[in-house]
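Below is one structure, written out as structure tokens; comments come after it.
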Amino acid sequence: ERGESHDLQPFFDLLADDVVLATPAGEARGKQAVIAYFTNAAETLEFDPFVRPLEYLGGGKRVVQLGEEIFTVRKTGETHRADWAWVYELRDGRITRLLIIQDLSGVADEVGSALTEAREAMNDSSAAA
């Protein structure tokens with residue numbers, strides 16, 4: 001929450017099974033797809049979402065978190081810096097929807113690929129079941 005750790009497991013533990021992640025580059029539906037997105041994105045992008053102190057607005061069923069992030073494309077070393085707002089919708093202490101509002105133009109291909117891989121992984125696991 002304050003950028004002191006890159007361990008996303010506490011965040012993953014708060015996701016509802018039916019969570020929806022919406023970004024300017026697309027969306028992922030379901031806890032495992034959202035986890036797969038963050039995992040896939042970390043393979044192609046190095047990101048530091050806590051460049052400046054965070055602000056929180058709201059409470060209860062909706063919380064808005066504001067910050068600034070630096071992305072580095074692992075393959076090219078190019079960087080992209082952008083302010084962001086994450087809008088969390090909550091139910092029973094779990095995140096049910098996460099809307100990411102951010103200029104991803106410098107990393108749109110990598111974010112889009114990570115979302116596609118997450119959706120394909122979920123489709124493959126659904127088909128196998």
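Ordered as shown in the structure tokens, chains take letters A, B, and onward, while each chain numbers its residues from 1 and ligands are numbered from 1 in the order shown.
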Step one, run DSSP on the backbone; step two, keep only residues of chain A assigned to helix (DSSP H, G or I); then write them as a ChimeraX atom specification.
-> /A:9-13,31-44,108-128
Can you write out the residues you just picked, keeping C-alpha atoms, as a PDB file, in the first residue's frame?
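File produced: selection.pdb:
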ATOM      1  CA  GLN A   9       0.073 -11.342  -2.372  1.00  0.00           C
ATOM      2  CA  PRO A  10      -1.699  -9.196   0.269  1.00  0.00           C
ATOM      3  CA  PHE A  11      -3.405  -7.310  -2.591  1.00  0.00           C
ATOM      4  CA  PHE A  12      -4.296 -10.598  -4.336  1.00  0.00           C
ATOM      5  CA  ASP A  13      -5.790 -11.903  -1.077  1.00  0.00           C
ATOM      6  CA  LYS A  31      -9.506 -13.340  -9.473  1.00  0.00           C
ATOM      7  CA  GLN A  32      -7.176 -15.726 -11.296  1.00  0.00           C
ATOM      8  CA  ALA A  33      -7.265 -13.606 -14.472  1.00  0.00           C
ATOM      9  CA  VAL A  34      -6.404 -10.448 -12.519  1.00  0.00           C
ATOM     10  CA  ILE A  35      -3.544 -12.235 -10.776  1.00  0.00           C
ATOM     11  CA  ALA A  36      -2.366 -13.557 -14.158  1.00  0.00           C
ATOM     12  CA  TYR A  37      -2.470 -10.014 -15.561  1.00  0.00           C
ATOM     13  CA  PHE A  38      -0.211  -8.609 -12.855  1.00  0.00           C
ATOM     14  CA  THR A  39       2.111 -11.614 -13.181  1.00  0.00           C
ATOM     15  CA  ASN A  40       2.281 -11.335 -16.993  1.00  0.00           C
ATOM     16  CA  ALA A  41       2.779  -7.567 -16.887  1.00  0.00           C
ATOM     17  CA  ALA A  42       5.756  -8.015 -14.543  1.00  0.00           C
ATOM     18  CA  GLU A  43       7.442 -10.236 -17.145  1.00  0.00           C
ATOM     19  CA  THR A  44       7.558  -7.457 -19.760  1.00  0.00           C
ATOM     20  CA  ALA A 108      -0.074   0.100 -24.168  1.00  0.00           C
ATOM     21  CA  ASP A 109       1.287  -2.819 -26.213  1.00  0.00           C
ATOM     22  CA  GLU A 110       2.846  -4.485 -23.164  1.00  0.00           C
ATOM     23  CA  VAL A 111      -0.242  -3.923 -20.982  1.00  0.00           C
ATOM     24  CA  GLY A 112      -2.522  -5.158 -23.764  1.00  0.00           C
ATOM     25  CA  SER A 113      -0.385  -8.273 -24.256  1.00  0.00           C
ATOM     26  CA  ALA A 114      -0.437  -9.031 -20.524  1.00  0.00           C
ATOM     27  CA  LEU A 115      -4.244  -8.714 -20.494  1.00  0.00           C
ATOM     28  CA  THR A 116      -4.565 -10.962 -23.563  1.00  0.00           C
ATOM     29  CA  GLU A 117      -2.301 -13.592 -21.977  1.00  0.00           C
ATOM     30  CA  ALA A 118      -4.327 -13.460 -18.760  1.00  0.00           C
ATOM     31  CA  ARG A 119      -7.605 -13.961 -20.644  1.00  0.00           C
ATOM     32  CA  GLU A 120      -6.127 -16.794 -22.742  1.00  0.00           C
ATOM     33  CA  ALA A 121      -4.806 -18.530 -19.629  1.00  0.00           C
ATOM     34  CA  MET A 122      -8.272 -18.356 -18.086  1.00  0.00           C
ATOM     35  CA  ASN A 123      -9.901 -19.659 -21.280  1.00  0.00           C
ATOM     36  CA  ASP A 124      -7.385 -22.526 -21.433  1.00  0.00           C
ATOM     37  CA  SER A 125      -8.031 -23.486 -17.798  1.00  0.00           C
ATOM     38  CA  SER A 126     -11.814 -23.259 -18.293  1.00  0.00           C
ATOM     39  CA  ALA A 127     -11.621 -25.491 -21.364  1.00  0.00           C
ATOM     40  CA  ALA A 128      -9.511 -28.043 -19.486  1.00  0.00           C
TER      41      ALA A 128
END
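By chain and then residue number, the residues within 12 Å of Asp92 (chain A) are Leu14, Leu15, Ala16, Gly60 and Lys61 of chain A, counting only C-alpha atoms and disregarding those fewer than 5 positions away in sequence.
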Please, could you write that set of residues out with all heavy atoms as a PDB file, in the first residue's frame?
ATOM      1  N   LEU A  14      -7.092  -9.835  -1.231  1.00  0.00           N
ATOM      2  CA  LEU A  14      -8.280  -8.992  -1.069  1.00  0.00           C
ATOM      3  C   LEU A  14      -9.222  -9.027  -2.268  1.00  0.00           C
ATOM      4  O   LEU A  14     -10.303  -8.462  -2.218  1.00  0.00           O
ATOM      5  CB  LEU A  14      -7.861  -7.539  -0.807  1.00  0.00           C
ATOM      6  CG  LEU A  14      -7.181  -7.285   0.531  1.00  0.00           C
ATOM      7  CD1 LEU A  14      -6.696  -5.841   0.609  1.00  0.00           C
ATOM      8  CD2 LEU A  14      -8.112  -7.600   1.686  1.00  0.00           C
ATOM      9  N   LEU A  15      -8.819  -9.688  -3.347  1.00  0.00           N
ATOM     10  CA  LEU A  15      -9.651  -9.740  -4.546  1.00  0.00           C
ATOM     11  C   LEU A  15     -10.815 -10.711  -4.369  1.00  0.00           C
ATOM     12  O   LEU A  15     -10.634 -11.832  -3.909  1.00  0.00           O
ATOM     13  CB  LEU A  15      -8.821 -10.172  -5.747  1.00  0.00           C
ATOM     14  CG  LEU A  15      -7.653  -9.268  -6.137  1.00  0.00           C
ATOM     15  CD1 LEU A  15      -6.839  -9.905  -7.253  1.00  0.00           C
ATOM     16  CD2 LEU A  15      -8.138  -7.883  -6.536  1.00  0.00           C
ATOM     17  N   ALA A  16     -12.004 -10.273  -4.757  1.00  0.00           N
ATOM     18  CA  ALA A  16     -13.165 -11.166  -4.790  1.00  0.00           C
ATOM     19  C   ALA A  16     -12.984 -12.145  -5.950  1.00  0.00           C
ATOM     20  O   ALA A  16     -12.274 -11.858  -6.918  1.00  0.00           O
ATOM     21  CB  ALA A  16     -14.441 -10.352  -4.983  1.00  0.00           C
ATOM     22  N   GLY A  60     -15.869   3.323   2.512  1.00  0.00           N
ATOM     23  CA  GLY A  60     -17.054   2.477   2.393  1.00  0.00           C
ATOM     24  C   GLY A  60     -16.969   1.575   1.188  1.00  0.00           C
ATOM     25  O   GLY A  60     -16.057   0.784   1.047  1.00  0.00           O
ATOM     26  N   LYS A  61     -17.901   1.731   0.252  1.00  0.00           N
ATOM     27  CA  LYS A  61     -17.986   0.845  -0.905  1.00  0.00           C
ATOM     28  C   LYS A  61     -17.098   1.279  -2.071  1.00  0.00           C
ATOM     29  O   LYS A  61     -16.913   0.518  -3.010  1.00  0.00           O
ATOM     30  CB  LYS A  61     -19.434   0.753  -1.390  1.00  0.00           C
ATOM     31  CG  LYS A  61     -20.343   0.071  -0.401  1.00  0.00           C
ATOM     32  CD  LYS A  61     -21.745  -0.011  -0.940  1.00  0.00           C
ATOM     33  CE  LYS A  61     -22.636  -0.686   0.093  1.00  0.00           C
ATOM     34  NZ  LYS A  61     -24.000  -0.816  -0.383  1.00  0.00           N
TER      35      LYS A  61
END
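Every protein or nucleic acid residue with an atom no more than 12 Å from Thr76 (chain A), counting only C-alpha atoms and leaving out same-chain residues fewer than 5 positions away, appears here: Thr44, Leu45, Glu46, Phe71, Gly106, Val107 and Glu110 of chain A.
Candidate residues A:Pro24, A:Gly30, A:Gly77, A:Pro49 were compared for distance to Ile101 (chain A), and the nearest is A:Pro24, using only C-alpha atoms.
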Out of region 59-126 of chain A, which residues get strand (DSSP E or B) from DSSP, as number ranges by chain?
-> A: 59, 62-73, 79-91, 94-102
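If you look at CA of Arg91 (chain A) and CA of Gly67 (chain A), they are 23.3 Å away from each other.
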Contacts of Leu90 (chain A) within 7 Å, only C-alpha atoms, excl. fewer than 4 positions in-chain, as an NGL selection string | :A and (61-62 or 94-96)
